[in-house]
Amino acid sequence: MRVLVTGSTGLLGKALEETADPSVELVGVHLRPYSVSDPRVRHLVLDLRDARAVDELFARERFDAVIHAAGIAAVDQIERHPEEGRSSNLGGTRSVAEACARSGAYLVYISTNAVFDGRSAPYPEDAPTNPLHHYGRIKLECERLVAACGAPHAVARPILMYGWNHAVNRPNPVTWVYEKLLRGEKVQLVDDVFENPVHNHQCAKALWAMIAKRPSGVFHLAGGERVHRHELGLRVAKVFGLDAGLIEAVPSSAFPSIAPRPKDTTFVTARMERELGVRPLTLTEGLEEMRSEMGIGV
Ligand SMILES: NC(=O)c1ccc[n+]([C@@H]2O[C@H](COP(=O)([O-])OP(=O)(O)OC[C@H]3O[C@@H](n4cnc5c(N)ncnc54)[C@H](OP(=O)(O)O)[C@@H]3O)[C@@H](O)[C@H]2O)c1
């Protein structure tokens, strides 16, 4: 089976590579002209906003399935520059969805918990959406575009994701806190915004199960524990043997953000567990997996 992963160098793309079955032939697409050497995947540099380049790729190669994870995911960047967000996320998704519809490839679109307003958690897949910011609205438009494109498809919505990322990509809350504590720096973390964060490998395993089973509809991909960022920071300190005394709890009003953030987007994970056979990891289990990936004992 040949699978195309867009956004192959991102936090999720990296995990998809690391968890892929060796029988899968993996082709990855990313944007910036750096090279990644990994024998498990053939990385191509291609801008998905260029519909002609996408068409040429699909004319050259046949894909059984596509996991479309590429795009700008930085919420405040998109709030400042919504047109950039639309062109990256909607433009790229349109090119990929049309190419999948023409070729018959099964498409999994990677959406987000930001399609919800955070007022009625926990959220099952059929809960009403109501995004609070441009990023959430654009991702919801992408979901609708994919639903109407004519390709066999499903939507996966990961929630706050953590794990080891490539150094060229943006840090995530766990790697950010880890680096700060390692340098002995103080950190302030909010204690009034809640999610059930998902380890990138768990998220990738759920996606590989989707590729194997080809379900339709929406799947919520999340971990097994509802926590705020302060608790997440304390857990990072504990698992990696770092100084929890450097961490201070603050309300989110201490960090006026450009885009308003939903307060609680915790997901219900029953469909993931039942239909994909994936158990949600607790935060401590996910962090311990990161620690063992480093090969250190604490
Ligand atoms: N991370 C989270 O907490 C989270 C939570 C919910 C949903 N999601 C969704 O999950 C998906 C993956 O997120 P992530 O955190 O893995 O992303 P990420 O680490 O920010 O990586 C983004 C990836 O997309 C590529 N890309 C961006 N624009 C592109 C374009 N125009 N053409 C081709 N490639 C492009 C980047 O390539 P370069 O490296 O070359 O720039 C990179 O490989 C996104 O759709 C995001 O909305 C993420």
# chains A, B, ... in the order shown; residues from 1 in each chain; ligands from 1
call {"tool": "residues_near_ligand", "arguments": {"ligand": "ligand 1", "cutoff": "6 Å", "atoms": "only C-alpha atoms and all ligand atoms", "output": "PDB file with N, CA and C atoms, in the first residue's frame"}}
result
ATOM      1  N   GLY A   7       2.529  17.285   5.146  1.00  0.00           N
ATOM      2  CA  GLY A   7       2.980  17.783   6.458  1.00  0.00           C
ATOM      3  C   GLY A   7       3.820  16.721   7.141  1.00  0.00           C
ATOM      4  N   SER A   8       4.623  16.015   6.339  1.00  0.00           N
ATOM      5  CA  SER A   8       5.338  14.827   6.830  1.00  0.00           C
ATOM      6  C   SER A   8       6.442  15.157   7.819  1.00  0.00           C
ATOM      7  N   THR A   9       6.876  16.418   7.870  1.00  0.00           N
ATOM      8  CA  THR A   9       7.954  16.772   8.792  1.00  0.00           C
ATOM      9  C   THR A   9       7.421  17.385  10.086  1.00  0.00           C
ATOM     10  N   GLY A  10       6.106  17.569  10.185  1.00  0.00           N
ATOM     11  CA  GLY A  10       5.501  18.144  11.384  1.00  0.00           C
ATOM     12  C   GLY A  10       5.455  17.129  12.519  1.00  0.00           C
ATOM     13  N   LEU A  11       4.907  17.568  13.644  1.00  0.00           N
ATOM     14  CA  LEU A  11       4.841  16.702  14.836  1.00  0.00           C
ATOM     15  C   LEU A  11       4.061  15.415  14.535  1.00  0.00           C
ATOM     16  N   LEU A  12       2.959  15.542  13.824  1.00  0.00           N
ATOM     17  CA  LEU A  12       2.160  14.363  13.483  1.00  0.00           C
ATOM     18  C   LEU A  12       2.815  13.550  12.366  1.00  0.00           C
ATOM     19  N   GLY A  13       3.326  14.238  11.347  1.00  0.00           N
ATOM     20  CA  GLY A  13       3.975  13.537  10.232  1.00  0.00           C
ATOM     21  C   GLY A  13       5.135  12.683  10.721  1.00  0.00           C
ATOM     22  N   VAL A  29       5.187  14.898   1.988  1.00  0.00           N
ATOM     23  CA  VAL A  29       5.307  16.210   1.355  1.00  0.00           C
ATOM     24  C   VAL A  29       5.449  17.265   2.443  1.00  0.00           C
ATOM     25  N   HIS A  30       6.418  18.158   2.296  1.00  0.00           N
ATOM     26  CA  HIS A  30       6.517  19.310   3.193  1.00  0.00           C
ATOM     27  C   HIS A  30       6.915  20.538   2.402  1.00  0.00           C
ATOM     28  N   LEU A  31       6.956  21.692   3.053  1.00  0.00           N
ATOM     29  CA  LEU A  31       7.030  22.965   2.322  1.00  0.00           C
ATOM     30  C   LEU A  31       8.440  23.527   2.150  1.00  0.00           C
ATOM     31  N   ARG A  32       9.167  23.661   3.269  1.00  0.00           N
ATOM     32  CA  ARG A  32      10.425  24.401   3.211  1.00  0.00           C
ATOM     33  C   ARG A  32      11.539  23.528   2.637  1.00  0.00           C
ATOM     34  N   LEU A  46       7.155  20.292  -1.699  1.00  0.00           N
ATOM     35  CA  LEU A  46       6.099  20.709  -2.638  1.00  0.00           C
ATOM     36  C   LEU A  46       5.132  21.631  -1.900  1.00  0.00           C
ATOM     37  N   ASP A  47       4.763  22.743  -2.517  1.00  0.00           N
ATOM     38  CA  ASP A  47       3.794  23.653  -1.897  1.00  0.00           C
ATOM     39  C   ASP A  47       2.388  23.230  -2.332  1.00  0.00           C
ATOM     40  N   LEU A  48       1.596  22.769  -1.370  1.00  0.00           N
ATOM     41  CA  LEU A  48       0.261  22.247  -1.706  1.00  0.00           C
ATOM     42  C   LEU A  48      -0.673  23.324  -2.234  1.00  0.00           C
ATOM     43  N   ARG A  49      -0.311  24.599  -2.026  1.00  0.00           N
ATOM     44  CA  ARG A  49      -1.151  25.664  -2.593  1.00  0.00           C
ATOM     45  C   ARG A  49      -1.034  25.695  -4.112  1.00  0.00           C
ATOM     46  N   ALA A  69      -2.233  16.349   6.580  1.00  0.00           N
ATOM     47  CA  ALA A  69      -1.970  17.023   7.863  1.00  0.00           C
ATOM     48  C   ALA A  69      -1.289  18.372   7.671  1.00  0.00           C
ATOM     49  N   ALA A  70      -0.943  18.747   6.423  1.00  0.00           N
ATOM     50  CA  ALA A  70      -0.159  19.970   6.202  1.00  0.00           C
ATOM     51  C   ALA A  70      -0.996  21.222   6.366  1.00  0.00           C
ATOM     52  N   GLY A  71      -0.331  22.273   6.729  1.00  0.00           N
ATOM     53  CA  GLY A  71      -0.988  23.570   6.800  1.00  0.00           C
ATOM     54  C   GLY A  71      -0.420  24.377   7.947  1.00  0.00           C
ATOM     55  N   ILE A  72      -0.836  25.623   8.040  1.00  0.00           N
ATOM     56  CA  ILE A  72      -0.398  26.443   9.172  1.00  0.00           C
ATOM     57  C   ILE A  72      -1.325  26.134  10.337  1.00  0.00           C
ATOM     58  N   ALA A  73      -0.726  25.775  11.494  1.00  0.00           N
ATOM     59  CA  ALA A  73      -1.540  25.425  12.666  1.00  0.00           C
ATOM     60  C   ALA A  73      -1.300  26.399  13.824  1.00  0.00           C
ATOM     61  N   SER A  88      -3.130  28.767   2.888  1.00  0.00           N
ATOM     62  CA  SER A  88      -2.370  27.565   3.244  1.00  0.00           C
ATOM     63  C   SER A  88      -3.309  26.384   3.514  1.00  0.00           C
ATOM     64  N   ILE A 110      -6.965  15.973   8.503  1.00  0.00           N
ATOM     65  CA  ILE A 110      -6.645  16.233   9.909  1.00  0.00           C
ATOM     66  C   ILE A 110      -7.185  17.602  10.304  1.00  0.00           C
ATOM     67  N   SER A 111      -8.213  17.582  11.133  1.00  0.00           N
ATOM     68  CA  SER A 111      -8.819  18.830  11.598  1.00  0.00           C
ATOM     69  C   SER A 111      -8.351  19.125  13.026  1.00  0.00           C
ATOM     70  N   THR A 112      -9.212  19.613  13.893  1.00  0.00           N
ATOM     71  CA  THR A 112      -8.748  20.127  15.185  1.00  0.00           C
ATOM     72  C   THR A 112      -9.887  20.240  16.204  1.00  0.00           C
ATOM     73  N   ASN A 113      -9.536  20.307  17.470  1.00  0.00           N
ATOM     74  CA  ASN A 113     -10.512  20.590  18.539  1.00  0.00           C
ATOM     75  C   ASN A 113     -10.972  22.048  18.494  1.00  0.00           C
ATOM     76  N   PRO A 158      -7.493  15.706  15.974  1.00  0.00           N
ATOM     77  CA  PRO A 158      -6.636  15.576  17.163  1.00  0.00           C
ATOM     78  C   PRO A 158      -6.864  16.776  18.075  1.00  0.00           C
ATOM     79  N   ILE A 159      -6.598  16.563  19.360  1.00  0.00           N
ATOM     80  CA  ILE A 159      -6.612  17.676  20.318  1.00  0.00           C
ATOM     81  C   ILE A 159      -5.148  18.035  20.584  1.00  0.00           C
ATOM     82  N   LEU A 160      -4.883  18.939  21.505  1.00  0.00           N
ATOM     83  CA  LEU A 160      -3.507  19.341  21.827  1.00  0.00           C
ATOM     84  C   LEU A 160      -2.540  18.151  21.769  1.00  0.00           C
ATOM     85  N   MET A 161      -1.565  18.240  20.863  1.00  0.00           N
ATOM     86  CA  MET A 161      -0.672  17.103  20.618  1.00  0.00           C
ATOM     87  C   MET A 161       0.718  17.409  21.185  1.00  0.00           C
ATOM     88  N   ASN A 169      10.896  22.394  13.444  1.00  0.00           N
ATOM     89  CA  ASN A 169       9.469  22.717  13.591  1.00  0.00           C
ATOM     90  C   ASN A 169       9.146  23.328  14.947  1.00  0.00           C
TER      91      ASN A 169
END
call {"tool": "select_by_dssp", "arguments": {"residues": "region 11-219 of chain A", "states": "strand (DSSP E or B)", "output": "PyMOL selection string"}}
result
chain A and resi 25-30+41-45+65-68+106-110+123+153-158+161-162+187-190+194-195+198-199+217-219
call {"tool": "select_by_dssp", "arguments": {"residues": "region 58-265 of chain A", "states": "alpha helix (DSSP H)", "output": "PyMOL selection string"}}
result
chain A and resi 58-60+75-80+82-85+92-103+134-147+173-182+200-213+229-240
call {"tool": "residues_around", "arguments": {"residues": "Glu285 (chain A)", "least_positions_apart": "3", "cutoff": "12 Å", "atoms": "only C-alpha atoms", "output": "compact mmCIF listing (two decimals) with N, CA and C atoms, in the first residue's frame"}}
result
# COMPACT_ATOMS: atom_id res chain seq x y z
N GLY A 163 4.89 15.56 21.88
CA GLY A 163 5.83 14.50 21.49
C GLY A 163 7.10 15.16 21.00
N PRO A 197 -4.76 16.00 26.34
CA PRO A 197 -3.71 16.01 25.33
C PRO A 197 -3.38 14.61 24.82
N VAL A 198 -2.97 14.58 23.54
CA VAL A 198 -2.71 13.28 22.90
C VAL A 198 -1.24 13.19 22.50
N HIS A 199 -0.62 12.06 22.82
CA HIS A 199 0.76 11.82 22.40
C HIS A 199 0.76 11.58 20.89
N HIS A 201 2.40 9.69 18.95
CA HIS A 201 2.42 8.29 18.49
C HIS A 201 1.03 7.65 18.63
N GLN A 202 0.32 7.99 19.72
CA GLN A 202 -1.03 7.44 19.88
C GLN A 202 -1.93 7.95 18.75
N GLY A 223 -6.09 11.98 24.40
CA GLY A 223 -5.53 11.15 25.45
C GLY A 223 -6.57 10.84 26.53
N GLY A 224 -6.10 10.15 27.58
CA GLY A 224 -7.03 9.63 28.58
C GLY A 224 -7.21 10.52 29.79
N GLU A 225 -6.64 11.73 29.79
CA GLU A 225 -6.74 12.56 30.99
C GLU A 225 -7.01 14.02 30.65
N ARG A 235 3.63 17.52 35.50
CA ARG A 235 3.84 16.13 35.11
C ARG A 235 5.16 15.98 34.32
N VAL A 236 5.46 16.99 33.46
CA VAL A 236 6.74 16.96 32.71
C VAL A 236 7.90 16.95 33.70
N VAL A 239 8.13 13.44 35.42
CA VAL A 239 8.58 12.31 34.58
C VAL A 239 10.05 12.48 34.16
N ARG A 279 -6.36 2.66 22.65
CA ARG A 279 -6.59 3.06 24.04
C ARG A 279 -5.96 4.44 24.27
N PRO A 280 -6.74 5.37 24.87
CA PRO A 280 -6.14 6.69 25.14
C PRO A 280 -5.09 6.59 26.24
N LEU A 281 -3.88 7.06 25.96
CA LEU A 281 -2.81 7.03 26.97
C LEU A 281 -3.04 8.13 28.00
N THR A 282 -2.74 7.85 29.27
CA THR A 282 -2.73 8.94 30.25
C THR A 282 -1.55 9.85 29.91
N GLU A 288 6.12 9.20 29.61
CA GLU A 288 7.09 8.11 29.83
C GLU A 288 7.54 7.52 28.50
N GLU A 289 6.61 7.50 27.53
CA GLU A 289 7.02 7.02 26.20
C GLU A 289 8.05 7.97 25.59
N MET A 290 7.86 9.28 25.79
CA MET A 290 8.85 10.25 25.29
C MET A 290 10.20 10.02 25.98
N ARG A 291 10.15 9.77 27.28
CA ARG A 291 11.40 9.55 28.03
C ARG A 291 12.10 8.31 27.51
N SER A 292 11.33 7.27 27.23
CA SER A 292 12.00 6.05 26.76
C SER A 292 12.51 6.24 25.34
call {"tool": "residues_around", "arguments": {"residues": "region 188-192 of chain A", "least_positions_apart": "6", "cutoff": "7 Å", "atoms": "only C-alpha atoms", "output": "list in words"}}
result
His228, Arg229, His230, Ile247, Glu248, Ala249, Val250, Pro251, Ser252 and Lys263 of chain A
call {"tool": "write_last_selection", "arguments": {"atoms": "C-alpha atoms", "output": "PDB file, in the first residue's frame"}}
result
ATOM      1  CA  HIS A 228      -4.742  22.154  32.337  1.00  0.00           C
ATOM      2  CA  ARG A 229      -1.292  23.357  31.231  1.00  0.00           C
ATOM      3  CA  HIS A 230      -0.092  23.842  34.816  1.00  0.00           C
ATOM      4  CA  ILE A 247       6.495  26.310  37.606  1.00  0.00           C
ATOM      5  CA  GLU A 248       3.880  28.886  38.620  1.00  0.00           C
ATOM      6  CA  ALA A 249       0.121  28.585  38.001  1.00  0.00           C
ATOM      7  CA  VAL A 250      -1.519  31.646  36.441  1.00  0.00           C
ATOM      8  CA  PRO A 251      -4.946  32.406  34.933  1.00  0.00           C
ATOM      9  CA  SER A 252      -5.155  32.667  31.141  1.00  0.00           C
ATOM     10  CA  LYS A 263     -11.740  27.102  27.772  1.00  0.00           C
TER      11      LYS A 263
END
call {"tool": "closest_residue", "arguments": {"among": "A:Lys180, A:Arg157, A:Arg62, A:His68", "to": "Val268 (chain A)", "atoms": "only C-alpha atoms"}}
result
A:Arg157
call {"tool": "closest_residue", "arguments": {"among": "A:Gly217, A:Pro22, A:Pro152, A:Gly104", "to": "Asp126 (chain A)", "atoms": "only C-alpha atoms"}}
result
A:Gly217
call {"tool": "closest_residue", "arguments": {"among": "A:Val96, A:Val5, A:Leu232, A:Val177", "to": "Glu56 (chain A)", "atoms": "only C-alpha atoms"}}
result
A:Val96
call {"tool": "closest_residue", "arguments": {"among": "A:Arg86, A:Arg40, A:Val146, A:Ala222", "to": "Asp21 (chain A)", "atoms": "only C-alpha atoms"}}
result
A:Arg40
call {"tool": "atom_distance", "arguments": {"atom1": "CA of Asn196 (chain A)", "atom2": "CA of Pro122 (chain A)"}}
result
9.7 Å
call {"tool": "closest_residue", "arguments": {"among": "A:Thr266, A:Asn172, A:Ser37, A:Ser23", "to": "Val227 (chain A)", "atoms": "only C-alpha atoms"}}
result
A:Thr266
